[in-house]
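K.L.:
Sending over entry-v5.cif (mmCIF, C-alpha atoms).
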data_protein
loop_
_atom_site.group_PDB
_atom_site.id
_atom_site.type_symbol
_atom_site.label_atom_id
_atom_site.label_comp_id
_atom_site.auth_asym_id
_atom_site.auth_seq_id
_atom_site.Cartn_x
_atom_site.Cartn_y
_atom_site.Cartn_z
ATOM 1 C CA MET Z 1 18.532 -29.547 15.190
ATOM 2 C CA ALA Z 2 18.388 -33.010 13.691
ATOM 3 C CA ASP Z 3 14.624 -33.019 13.117
ATOM 4 C CA CYS Z 4 14.486 -29.436 11.767
ATOM 5 C CA ASN Z 5 12.251 -28.971 8.716
ATOM 6 C CA HIS Z 6 13.688 -25.451 8.109
ATOM 7 C CA ASP Z 7 10.232 -23.895 8.357
ATOM 8 C CA CYS Z 8 10.773 -21.277 11.057
ATOM 9 C CA SER Z 9 7.183 -20.050 10.756
ATOM 10 C CA SER Z 10 5.913 -23.338 12.218
ATOM 11 C CA CYS Z 11 8.511 -23.594 14.985
ATOM 12 C CA GLY Z 12 8.734 -21.819 18.325
ATOM 13 C CA ALA Z 13 12.256 -22.941 19.197
ATOM 14 C CA SER Z 14 15.131 -20.494 19.464
ATOM 15 C CA CYS Z 15 18.211 -21.911 17.790
ATOM 16 C CA GLY Z 16 21.250 -20.772 15.870
ATOM 17 C CA GLU Z 17 19.648 -21.607 12.533
ATOM 18 C CA ARG Z 18 16.518 -19.570 13.119
ATOM 19 C CA GLN Z 19 15.886 -16.937 10.437
ATOM 20 C CA GLU Z 20 14.279 -13.557 11.023
ATOM 21 C CA ASN Z 21 11.231 -12.907 8.825
ATOM 22 C CA PRO Z 22 11.108 -16.519 7.572
ATOM 23 C CA GLY Z 23 9.719 -16.949 4.096
ATOM 24 C CA ILE Z 24 10.291 -13.292 3.147
ATOM 25 C CA GLN Z 25 12.881 -12.948 0.407
ATOM 26 C CA LYS Z 26 13.679 -10.224 -2.075
ATOM 27 C CA ALA Z 27 12.477 -10.934 -5.591
ATOM 28 C CA PRO Z 28 15.418 -11.865 -7.828
ATOM 29 C CA MET Z 29 16.629 -9.547 -10.579
ATOM 30 C CA ASN Z 30 17.411 -11.030 -13.980
ATOM 31 C CA GLU Z 31 20.859 -11.016 -15.567
ATOM 32 C CA PHE Z 32 19.873 -8.293 -18.033
ATOM 33 C CA SER Z 33 19.081 -5.744 -15.325
ATOM 34 C CA ASN Z 34 21.177 -3.692 -12.948
ATOM 35 C CA VAL Z 35 19.214 -1.223 -10.823
ATOM 36 C CA LYS Z 36 21.438 0.754 -8.467
ATOM 37 C CA LYS Z 37 18.843 2.582 -6.371
ATOM 38 C CA VAL Z 38 15.104 2.100 -5.768
ATOM 39 C CA ILE Z 39 12.933 4.939 -4.444
ATOM 40 C CA GLY Z 40 9.287 4.300 -3.573
ATOM 41 C CA VAL Z 41 6.787 7.143 -3.964
ATOM 42 C CA VAL Z 42 3.835 6.718 -1.619
ATOM 43 C CA SER Z 43 0.843 8.559 -0.238
ATOM 44 C CA GLY Z 44 -1.468 7.871 2.663
ATOM 45 C CA LYS Z 45 -4.536 8.628 0.547
ATOM 46 C CA GLY Z 46 -5.466 9.174 -3.073
ATOM 47 C CA GLY Z 47 -5.861 12.478 -4.881
ATOM 48 C CA VAL Z 48 -2.711 14.205 -3.645
ATOM 49 C CA GLY Z 49 -0.771 14.008 -6.930
ATOM 50 C CA LYS Z 50 1.516 11.073 -6.150
ATOM 51 C CA SER Z 51 1.817 9.897 -9.758
ATOM 52 C CA SER Z 52 2.495 13.388 -11.100
ATOM 53 C CA VAL Z 53 5.220 13.835 -8.468
ATOM 54 C CA THR Z 54 6.678 10.443 -9.448
ATOM 55 C CA SER Z 55 6.712 11.496 -13.107
ATOM 56 C CA MET Z 56 8.339 14.839 -12.371
ATOM 57 C CA LEU Z 57 10.974 13.289 -10.089
ATOM 58 C CA ALA Z 58 11.832 10.805 -12.838
ATOM 59 C CA THR Z 59 12.001 13.630 -15.375
ATOM 60 C CA ALA Z 60 14.257 15.702 -13.118
ATOM 61 C CA ALA Z 61 16.588 12.751 -12.579
ATOM 62 C CA ARG Z 62 16.717 12.100 -16.317
ATOM 63 C CA LYS Z 63 17.584 15.745 -16.994
ATOM 64 C CA ALA Z 64 20.494 15.237 -14.600
ATOM 65 C CA ASP Z 65 21.837 12.654 -17.095
ATOM 66 C CA LEU Z 66 20.880 9.636 -14.986
ATOM 67 C CA ASN Z 67 19.499 6.390 -16.391
ATOM 68 C CA VAL Z 68 15.972 6.391 -14.976
ATOM 69 C CA ALA Z 69 13.124 3.900 -14.766
ATOM 70 C CA VAL Z 70 9.588 3.996 -13.392
ATOM 71 C CA LEU Z 71 7.848 0.856 -12.143
ATOM 72 C CA ASP Z 72 4.123 1.575 -11.937
ATOM 73 C CA ALA Z 73 3.027 -0.466 -8.922
ATOM 74 C CA ASP Z 74 -0.415 1.157 -8.830
ATOM 75 C CA ILE Z 75 -1.890 -1.821 -10.649
ATOM 76 C CA THR Z 76 -5.573 -0.952 -10.223
ATOM 77 C CA GLY Z 77 -5.107 2.761 -10.948
ATOM 78 C CA PRO Z 78 -2.180 3.098 -13.364
ATOM 79 C CA SER Z 79 -1.590 6.600 -14.679
ATOM 80 C CA ILE Z 80 2.144 6.734 -15.427
ATOM 81 C CA PRO Z 81 1.830 5.802 -19.159
ATOM 82 C CA LYS Z 82 -0.784 8.533 -19.641
ATOM 83 C CA ALA Z 83 1.441 11.170 -18.021
ATOM 84 C CA PHE Z 84 4.336 10.288 -20.328
ATOM 85 C CA GLY Z 85 2.188 9.928 -23.456
ATOM 86 C CA LEU Z 86 2.954 6.215 -23.905
ATOM 87 C CA THR Z 87 0.396 4.481 -26.111
ATOM 88 C CA GLU Z 88 2.261 1.562 -27.703
ATOM 89 C CA LYS Z 89 2.132 -1.744 -25.837
ATOM 90 C CA ALA Z 90 5.217 -3.194 -24.166
ATOM 91 C CA GLN Z 91 7.006 -5.868 -26.170
ATOM 92 C CA GLY Z 92 8.691 -9.094 -25.125
ATOM 93 C CA ASN Z 93 8.890 -12.846 -25.481
ATOM 94 C CA GLU Z 94 8.320 -15.905 -23.299
ATOM 95 C CA GLN Z 95 11.412 -15.147 -21.208
ATOM 96 C CA MET Z 96 11.560 -11.356 -20.949
ATOM 97 C CA ILE Z 97 9.470 -8.165 -21.118
ATOM 98 C CA LEU Z 98 10.902 -4.977 -22.595
ATOM 99 C CA PRO Z 99 9.885 -1.700 -20.934
ATOM 100 C CA SER Z 100 8.441 1.148 -22.942
ATOM 101 C CA ILE Z 101 10.687 4.190 -23.425
ATOM 102 C CA THR Z 102 9.568 7.807 -23.089
ATOM 103 C CA LYS Z 103 10.760 10.518 -25.442
ATOM 104 C CA SER Z 104 13.545 11.525 -23.034
ATOM 105 C CA GLY Z 105 14.665 7.941 -22.446
ATOM 106 C CA ILE Z 106 12.898 6.967 -19.202
ATOM 107 C CA LYS Z 107 12.075 3.254 -19.035
ATOM 108 C CA VAL Z 108 8.511 2.511 -17.914
ATOM 109 C CA MET Z 109 6.568 -0.629 -17.041
ATOM 110 C CA SER Z 110 2.890 -0.481 -16.166
ATOM 111 C CA ILE Z 111 -0.055 -2.849 -16.362
ATOM 112 C CA ASN Z 112 -1.672 -0.430 -18.830
ATOM 113 C CA LEU Z 113 1.160 -1.179 -21.262
ATOM 114 C CA LEU Z 114 0.062 -4.820 -21.285
ATOM 115 C CA LEU Z 115 -3.738 -4.537 -21.326
ATOM 116 C CA GLU Z 116 -5.529 -4.761 -24.665
ATOM 117 C CA ASP Z 117 -7.607 -1.713 -23.741
ATOM 118 C CA GLU Z 118 -6.173 0.774 -21.227
ATOM 119 C CA THR Z 119 -9.669 1.379 -19.825
ATOM 120 C CA ASP Z 120 -10.144 -2.283 -18.883
ATOM 121 C CA PRO Z 121 -10.447 -2.566 -15.076
ATOM 122 C CA VAL Z 122 -7.999 -4.732 -13.148
ATOM 123 C CA VAL Z 123 -10.187 -6.694 -10.732
ATOM 124 C CA TRP Z 124 -7.600 -8.763 -8.862
ATOM 125 C CA ARG Z 125 -7.062 -9.656 -5.233
ATOM 126 C CA GLY Z 126 -3.978 -8.759 -3.217
ATOM 127 C CA PRO Z 127 -1.817 -11.860 -3.837
ATOM 128 C CA ILE Z 128 -2.192 -11.515 -7.614
ATOM 129 C CA LEU Z 129 -1.342 -7.813 -7.465
ATOM 130 C CA GLY Z 130 1.776 -8.634 -5.472
ATOM 131 C CA GLY Z 131 2.779 -11.289 -7.983
ATOM 132 C CA VAL Z 132 2.516 -8.824 -10.863
ATOM 133 C CA ILE Z 133 4.792 -6.352 -9.104
ATOM 134 C CA GLU Z 134 7.384 -9.056 -8.488
ATOM 135 C CA GLN Z 135 7.170 -9.983 -12.183
ATOM 136 C CA PHE Z 136 7.701 -6.349 -13.176
ATOM 137 C CA TRP Z 137 10.882 -6.407 -11.103
ATOM 138 C CA SER Z 138 12.157 -9.860 -12.080
ATOM 139 C CA ASP Z 139 10.920 -10.390 -15.648
ATOM 140 C CA VAL Z 140 11.454 -6.945 -17.210
ATOM 141 C CA CYS Z 141 14.736 -6.274 -18.983
ATOM 142 C CA TRP Z 142 15.563 -2.977 -17.268
ATOM 143 C CA GLY Z 143 19.198 -2.778 -18.354
ATOM 144 C CA ASP Z 144 21.450 -0.374 -16.461
ATOM 145 C CA VAL Z 145 19.400 1.943 -14.252
ATOM 146 C CA ASP Z 146 20.821 4.537 -11.862
ATOM 147 C CA VAL Z 147 17.534 5.158 -10.079
ATOM 148 C CA MET Z 148 14.123 3.491 -10.299
ATOM 149 C CA PHE Z 149 11.043 5.247 -8.966
ATOM 150 C CA VAL Z 150 8.216 2.935 -7.862
ATOM 151 C CA ASP Z 151 4.803 4.604 -8.074
ATOM 152 C CA MET Z 152 2.817 2.858 -5.351
ATOM 153 C CA PRO Z 153 -0.958 2.885 -4.732
ATOM 154 C CA PRO Z 154 -2.232 5.012 -1.852
ATOM 155 C CA GLY Z 155 -2.484 3.552 1.612
ATOM 156 C CA THR Z 156 -0.621 0.907 3.575
ATOM 157 C CA GLY Z 157 -2.115 -2.270 2.127
ATOM 158 C CA ASP Z 158 -0.979 -5.406 0.320
ATOM 159 C CA VAL Z 159 0.862 -3.720 -2.555
ATOM 160 C CA ALA Z 160 2.922 -1.461 -0.289
ATOM 161 C CA LEU Z 161 3.837 -4.496 1.803
ATOM 162 C CA THR Z 162 4.883 -6.423 -1.326
ATOM 163 C CA VAL Z 163 7.092 -3.572 -2.535
ATOM 164 C CA TYR Z 164 8.757 -3.120 0.851
ATOM 165 C CA GLN Z 165 9.381 -6.837 1.308
ATOM 166 C CA SER Z 166 10.175 -7.936 -2.256
ATOM 167 C CA LEU Z 167 12.099 -4.989 -3.737
ATOM 168 C CA PRO Z 168 15.382 -3.570 -2.411
ATOM 169 C CA VAL Z 169 13.870 -0.184 -1.559
ATOM 170 C CA ASP Z 170 16.525 2.356 -0.525
ATOM 171 C CA GLY Z 171 14.063 4.997 0.629
ATOM 172 C CA ILE Z 172 10.598 6.439 0.117
ATOM 173 C CA VAL Z 173 9.143 9.827 -0.759
ATOM 174 C CA ILE Z 174 5.785 10.577 0.843
ATOM 175 C CA VAL Z 175 3.429 12.843 -1.102
ATOM 176 C CA THR Z 176 0.762 14.734 0.813
ATOM 177 C CA SER Z 177 -1.365 17.876 0.810
ATOM 178 C CA PRO Z 178 -1.774 20.566 3.527
ATOM 179 C CA GLN Z 179 -4.770 19.234 5.462
ATOM 180 C CA GLU Z 180 -4.960 18.139 9.098
ATOM 181 C CA LEU Z 181 -6.644 14.857 8.154
ATOM 182 C CA VAL Z 182 -3.975 14.103 5.545
ATOM 183 C CA GLY Z 183 -1.288 14.837 8.133
ATOM 184 C CA MET Z 184 -2.616 12.044 10.309
ATOM 185 C CA ILE Z 185 -2.577 9.650 7.352
ATOM 186 C CA VAL Z 186 0.983 10.699 6.473
ATOM 187 C CA GLU Z 187 2.084 9.570 9.915
ATOM 188 C CA LYS Z 188 0.621 6.136 9.182
ATOM 189 C CA ALA Z 189 2.827 5.885 6.073
ATOM 190 C CA VAL Z 190 5.870 7.036 8.043
ATOM 191 C CA LYS Z 191 5.250 4.480 10.779
ATOM 192 C CA MET Z 192 4.792 1.669 8.233
ATOM 193 C CA ALA Z 193 8.138 2.560 6.677
ATOM 194 C CA GLU Z 194 9.713 2.449 10.129
ATOM 195 C CA MET Z 195 8.200 -0.974 10.758
ATOM 196 C CA MET Z 196 9.760 -2.214 7.503
ATOM 197 C CA ASN Z 197 13.130 -0.572 8.296
ATOM 198 C CA ILE Z 198 12.963 1.651 5.220
ATOM 199 C CA PRO Z 199 14.056 5.289 5.577
ATOM 200 C CA VAL Z 200 11.761 8.153 4.605
ATOM 201 C CA SER Z 201 13.945 10.206 2.276
ATOM 202 C CA ALA Z 202 11.611 13.179 1.840
ATOM 203 C CA ILE Z 203 8.098 14.538 2.126
ATOM 204 C CA VAL Z 204 6.539 16.436 -0.771
ATOM 205 C CA GLU Z 205 3.583 18.643 0.042
ATOM 206 C CA ASN Z 206 1.632 19.043 -3.188
ATOM 207 C CA MET Z 207 -0.970 21.785 -3.731
ATOM 208 C CA SER Z 208 0.652 23.651 -0.862
ATOM 209 C CA TYR Z 209 -0.452 27.075 -2.080
ATOM 210 C CA PHE Z 210 -1.694 28.977 -5.109
ATOM 211 C CA LYS Z 211 0.365 31.891 -6.400
ATOM 212 C CA CYS Z 212 -1.804 34.552 -7.994
ATOM 213 C CA PRO Z 213 -0.463 35.378 -11.473
ATOM 214 C CA ASP Z 214 -1.621 39.018 -11.101
ATOM 215 C CA CYS Z 215 -0.422 40.074 -7.648
ATOM 216 C CA CYS Z 216 2.020 37.172 -6.996
ATOM 217 C CA LYS Z 217 0.500 36.692 -3.538
ATOM 218 C CA GLU Z 218 0.435 33.136 -2.189
ATOM 219 C CA HIS Z 219 -2.966 31.812 -1.075
ATOM 220 C CA LYS Z 220 -3.234 28.727 1.194
ATOM 221 C CA ILE Z 221 -6.252 27.142 -0.500
ATOM 222 C CA PHE Z 222 -6.218 24.013 1.686
ATOM 223 C CA GLY Z 223 -5.199 25.728 4.918
ATOM 224 C CA GLU Z 224 -1.933 26.188 6.740
ATOM 225 C CA SER Z 225 0.738 23.549 6.371
ATOM 226 C CA ASN Z 226 2.001 21.442 9.268
ATOM 227 C CA ILE Z 227 4.392 19.376 7.183
ATOM 228 C CA GLU Z 228 7.499 20.780 8.883
ATOM 229 C CA ASP Z 229 6.165 19.648 12.261
ATOM 230 C CA ILE Z 230 5.632 16.092 11.005
ATOM 231 C CA ALA Z 231 9.022 16.024 9.286
ATOM 232 C CA GLY Z 232 10.772 17.325 12.390
ATOM 233 C CA ARG Z 233 9.003 14.820 14.621
ATOM 234 C CA TYR Z 234 10.362 11.915 12.578
ATOM 235 C CA GLY Z 235 13.750 13.380 11.677
ATOM 236 C CA ILE Z 236 12.972 13.786 7.969
ATOM 237 C CA GLN Z 237 15.347 16.368 6.529
ATOM 238 C CA ALA Z 238 14.081 16.954 2.979
ATOM 239 C CA VAL Z 239 10.743 18.745 2.532
ATOM 240 C CA ALA Z 240 9.461 20.205 -0.742
ATOM 241 C CA LYS Z 241 6.355 22.339 -1.174
ATOM 242 C CA LEU Z 242 4.717 22.483 -4.598
ATOM 243 C CA PRO Z 243 2.137 25.097 -5.650
ATOM 244 C CA ILE Z 244 -1.178 24.414 -7.311
ATOM 245 C CA ASN Z 245 -0.241 24.530 -10.979
ATOM 246 C CA PRO Z 246 -2.870 23.886 -13.670
ATOM 247 C CA GLU Z 247 -0.074 23.362 -16.205
ATOM 248 C CA ILE Z 248 0.989 20.160 -14.409
ATOM 249 C CA ALA Z 249 -2.511 18.688 -14.589
ATOM 250 C CA GLN Z 250 -2.756 19.623 -18.262
ATOM 251 C CA ALA Z 251 0.662 18.099 -18.979
ATOM 252 C CA CYS Z 252 -0.390 14.807 -17.346
ATOM 253 C CA ASP Z 253 -3.557 14.759 -19.425
ATOM 254 C CA ASN Z 254 -1.643 15.546 -22.616
ATOM 255 C CA GLY Z 255 1.187 13.104 -21.954
ATOM 256 C CA SER Z 256 3.773 15.890 -21.838
ATOM 257 C CA ILE Z 257 4.920 15.764 -18.201
ATOM 258 C CA GLU Z 258 8.547 15.725 -19.402
ATOM 259 C CA ASP Z 259 8.086 19.312 -20.606
ATOM 260 C CA ILE Z 260 7.341 20.597 -17.094
ATOM 261 C CA GLN Z 261 10.097 22.417 -15.201
ATOM 262 C CA CYS Z 262 9.870 22.023 -11.420
ATOM 263 C CA GLU Z 263 12.861 23.435 -9.572
ATOM 264 C CA GLU Z 264 11.697 22.157 -6.173
ATOM 265 C CA LEU Z 265 11.665 18.568 -7.396
ATOM 266 C CA ALA Z 266 14.884 19.023 -9.365
ATOM 267 C CA ASP Z 267 16.651 19.866 -6.090
ATOM 268 C CA LEU Z 268 14.984 16.914 -4.384
ATOM 269 C CA ALA Z 269 16.001 14.542 -7.185
ATOM 270 C CA LYS Z 270 19.647 15.541 -6.640
ATOM 271 C CA LEU Z 271 19.332 14.674 -2.937
ATOM 272 C CA LEU Z 272 17.766 11.320 -3.726
#
What does the file become when written as structure tokens?
P.N.:
Amino acid sequence: MADCNHDCSSCGASCGERQENPGIQKAPMNEFSNVKKVIGVVSGKGGVGKSSVTSMLATAARKADLNVAVLDADITGPSIPKAFGLTEKAQGNEQMILPSITKSGIKVMSINLLLEDETDPVVWRGPILGGVIEQFWSDVCWGDVDVMFVDMPPGTGDVALTVYQSLPVDGIVIVTSPQELVGMIVEKAVKMAEMMNIPVSAIVENMSYFKCPDCCKEHKIFGESNIEDIAGRYGIQAVAKLPINPEIAQACDNGSIEDIQCEELADLAKLL
């Protein structure tokens, strides 16, 4: 059209030049970065161990000799640096930020690696949070990365929308726990992924059971699981169930998550 201003969001006409999702573009990646696959790790609510699962998936992928990175998109509740024992601040210059490197070689970027004091709160509104995530993608020198895990905040809010729209997400892993209420919230996360045309690669049920060290009997502390029903309803093939393991919590607190062996997540990392 001769008088077209190329702003499809302000136009109701249907023409050959009309763009779907006008104004939504993937954030550019700099010339010093080459990320082959991006996996988002999400949860419908907090407190289900999403960040510990992210850390263990990254560790399992690294043990499989892959070049691995973790982008901590949980800006207001970052815990990835703590889990990996990272204390030194990220370095960089006016053009580029260098990620911190864990002892096994996993590249990490988190807001806590930039704050003067890691206990300082991040009191920002949604648009600023989204801008920081795009900067982590575009302005960090990631180098060659086989798989990047994006640790996202719980829920289906602004940050999740920014990640889905701005990053080339290949799939997501949903972390949950065996409770009826959580199951309902999981379905919200699944439906959001469907709306954004992003496949759900797997569901991880954390704290699924406790295995008694004396009698080896499994106890369902949080009730019976219905995760297979949800996975089957949405055609999700990969499901992993993780036990309650105090060693994982201690490893996250001590910054030694890379020392944890988790066979269930090692198998899942191979699938991803």
K.L.:
Z:Gly171, Z:Pro243, Z:Pro28, Z:Pro178: which is nearest Cys262 (chain Z), counting only C-alpha atoms?
P.N.:
Z:Pro243
K.L.:
Please, which residues are within 12 Å of (10.5, 23.7, -12.5) by the file's coordinates, counting only C-alpha atoms, and could they come as JSON, numbers by chain?
P.N.:
{"Z": [53, 56, 57, 59, 60, 63, 242, 243, 245, 247, 248, 257, 258, 259, 260, 261, 262, 263, 264, 265, 266, 267, 268, 269]}
K.L.:
What does the file look like for those residues with C-alpha atoms, as a compact mmCIF listing (two decimals), keeping the file's coordinate frame?
P.N.:
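Wrote it out as selection-v1.txt, contents follow:
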# COMPACT_ATOMS: atom_id res chain seq x y z
CA VAL Z 53 5.22 13.84 -8.47
CA MET Z 56 8.34 14.84 -12.37
CA LEU Z 57 10.97 13.29 -10.09
CA THR Z 59 12.00 13.63 -15.38
CA ALA Z 60 14.26 15.70 -13.12
CA LYS Z 63 17.58 15.74 -16.99
CA LEU Z 242 4.72 22.48 -4.60
CA PRO Z 243 2.14 25.10 -5.65
CA ASN Z 245 -0.24 24.53 -10.98
CA GLU Z 247 -0.07 23.36 -16.20
CA ILE Z 248 0.99 20.16 -14.41
CA ILE Z 257 4.92 15.76 -18.20
CA GLU Z 258 8.55 15.72 -19.40
CA ASP Z 259 8.09 19.31 -20.61
CA ILE Z 260 7.34 20.60 -17.09
CA GLN Z 261 10.10 22.42 -15.20
CA CYS Z 262 9.87 22.02 -11.42
CA GLU Z 263 12.86 23.44 -9.57
CA GLU Z 264 11.70 22.16 -6.17
CA LEU Z 265 11.66 18.57 -7.40
CA ALA Z 266 14.88 19.02 -9.36
CA ASP Z 267 16.65 19.87 -6.09
CA LEU Z 268 14.98 16.91 -4.38
CA ALA Z 269 16.00 14.54 -7.18
K.L.:
Leaving out Glu218 (chain Z) and any residue of its chain fewer than 2 positions from it, which residues lie within 12 Å of it when counting all atoms listed in the file, given as an mmCIF file with C-alpha atoms, in the frame of the given file?
P.N.:
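Saved the output as part-v3.cif:
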data_model
loop_
_atom_site.group_PDB
_atom_site.id
_atom_site.type_symbol
_atom_site.label_atom_id
_atom_site.label_comp_id
_atom_site.auth_asym_id
_atom_site.auth_seq_id
_atom_site.Cartn_x
_atom_site.Cartn_y
_atom_site.Cartn_z
ATOM 1 C CA MET Z 207 -0.970 21.785 -3.731
ATOM 2 C CA SER Z 208 0.652 23.651 -0.862
ATOM 3 C CA TYR Z 209 -0.452 27.075 -2.080
ATOM 4 C CA PHE Z 210 -1.694 28.977 -5.109
ATOM 5 C CA LYS Z 211 0.365 31.891 -6.400
ATOM 6 C CA CYS Z 212 -1.804 34.552 -7.994
ATOM 7 C CA PRO Z 213 -0.463 35.378 -11.473
ATOM 8 C CA ASP Z 214 -1.621 39.018 -11.101
ATOM 9 C CA CYS Z 215 -0.422 40.074 -7.648
ATOM 10 C CA CYS Z 216 2.020 37.172 -6.996
ATOM 11 C CA LYS Z 220 -3.234 28.727 1.194
ATOM 12 C CA ILE Z 221 -6.252 27.142 -0.500
ATOM 13 C CA PHE Z 222 -6.218 24.013 1.686
ATOM 14 C CA GLY Z 223 -5.199 25.728 4.918
ATOM 15 C CA GLU Z 224 -1.933 26.188 6.740
ATOM 16 C CA LEU Z 242 4.717 22.483 -4.598
ATOM 17 C CA PRO Z 243 2.137 25.097 -5.650
ATOM 18 C CA ILE Z 244 -1.178 24.414 -7.311
#
K.L.:
Neighbours of Asp139 (chain Z) within 10 Å (all atoms listed in the file; same-chain residues fewer than 3 positions away dropped), as a list in words?
P.N.:
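Neighbouring residues, sequence-local ones excluded: Pro28, Met29, Asn30, Glu31, Phe32, Ser33, Gly92, Glu94, Gln95, Met96, Ile97, Leu98, Val132, Ile133, Glu134, Gln135, Phe136 and Trp142 of chain Z.
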K.L.:
In Å, with one decimal, what is the gap from CA of Asn197 (chain Z) to CA of Tyr164 (chain Z)?
P.N.:
9.0 Å
K.L.:
Rank Z:Ala27, Z:Leu271, Z:Val175, Z:Met192 by their smallest atom-to-atom distance to Ile227 (chain Z), using all atoms listed in the file, and report the top residue only.
P.N.:
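Of Z:Ala27, Z:Leu271, Z:Val175, Z:Met192, the one nearest Ile227 (chain Z) is Z:Val175, counting all atoms listed in the file.
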K.L.:
How would region 212-225 of chain Z look with N, CA and C atoms restored, written as a compact mmCIF listing (two decimals), in the coordinates of the input?
P.N.:
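Saved the output as part.txt:
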# COMPACT_ATOMS: atom_id res chain seq x y z
N CYS Z 212 -0.99 33.75 -7.07
CA CYS Z 212 -1.80 34.55 -7.99
C CYS Z 212 -0.92 35.11 -9.11
N PRO Z 213 -1.29 34.89 -10.36
CA PRO Z 213 -0.46 35.38 -11.47
C PRO Z 213 -0.50 36.89 -11.61
N ASP Z 214 -1.49 37.56 -10.98
CA ASP Z 214 -1.62 39.02 -11.10
C ASP Z 214 -0.84 39.76 -10.01
N CYS Z 215 -1.07 39.35 -8.75
CA CYS Z 215 -0.42 40.07 -7.65
C CYS Z 215 0.75 39.31 -7.03
N CYS Z 216 0.93 38.04 -7.48
CA CYS Z 216 2.02 37.17 -7.00
C CYS Z 216 1.88 36.81 -5.52
N LYS Z 217 0.72 37.06 -4.93
CA LYS Z 217 0.50 36.69 -3.54
C LYS Z 217 0.18 35.21 -3.44
N GLU Z 218 0.69 34.56 -2.39
CA GLU Z 218 0.44 33.14 -2.19
C GLU Z 218 -0.81 32.94 -1.32
N HIS Z 219 -1.72 32.10 -1.80
CA HIS Z 219 -2.97 31.81 -1.08
C HIS Z 219 -2.96 30.35 -0.64
N LYS Z 220 -3.21 30.09 0.64
CA LYS Z 220 -3.23 28.73 1.19
C LYS Z 220 -4.64 28.16 1.02
N ILE Z 221 -4.91 27.60 -0.15
CA ILE Z 221 -6.25 27.14 -0.50
C ILE Z 221 -6.73 26.05 0.46
N PHE Z 222 -5.84 25.13 0.83
CA PHE Z 222 -6.22 24.01 1.69
C PHE Z 222 -5.81 24.21 3.14
N GLY Z 223 -5.54 25.45 3.53
CA GLY Z 223 -5.20 25.73 4.92
C GLY Z 223 -3.70 25.75 5.15
N GLU Z 224 -3.34 26.08 6.37
CA GLU Z 224 -1.93 26.19 6.74
C GLU Z 224 -1.27 24.81 6.78
N SER Z 225 -0.02 24.80 6.41
CA SER Z 225 0.74 23.55 6.37
C SER Z 225 1.29 23.20 7.75
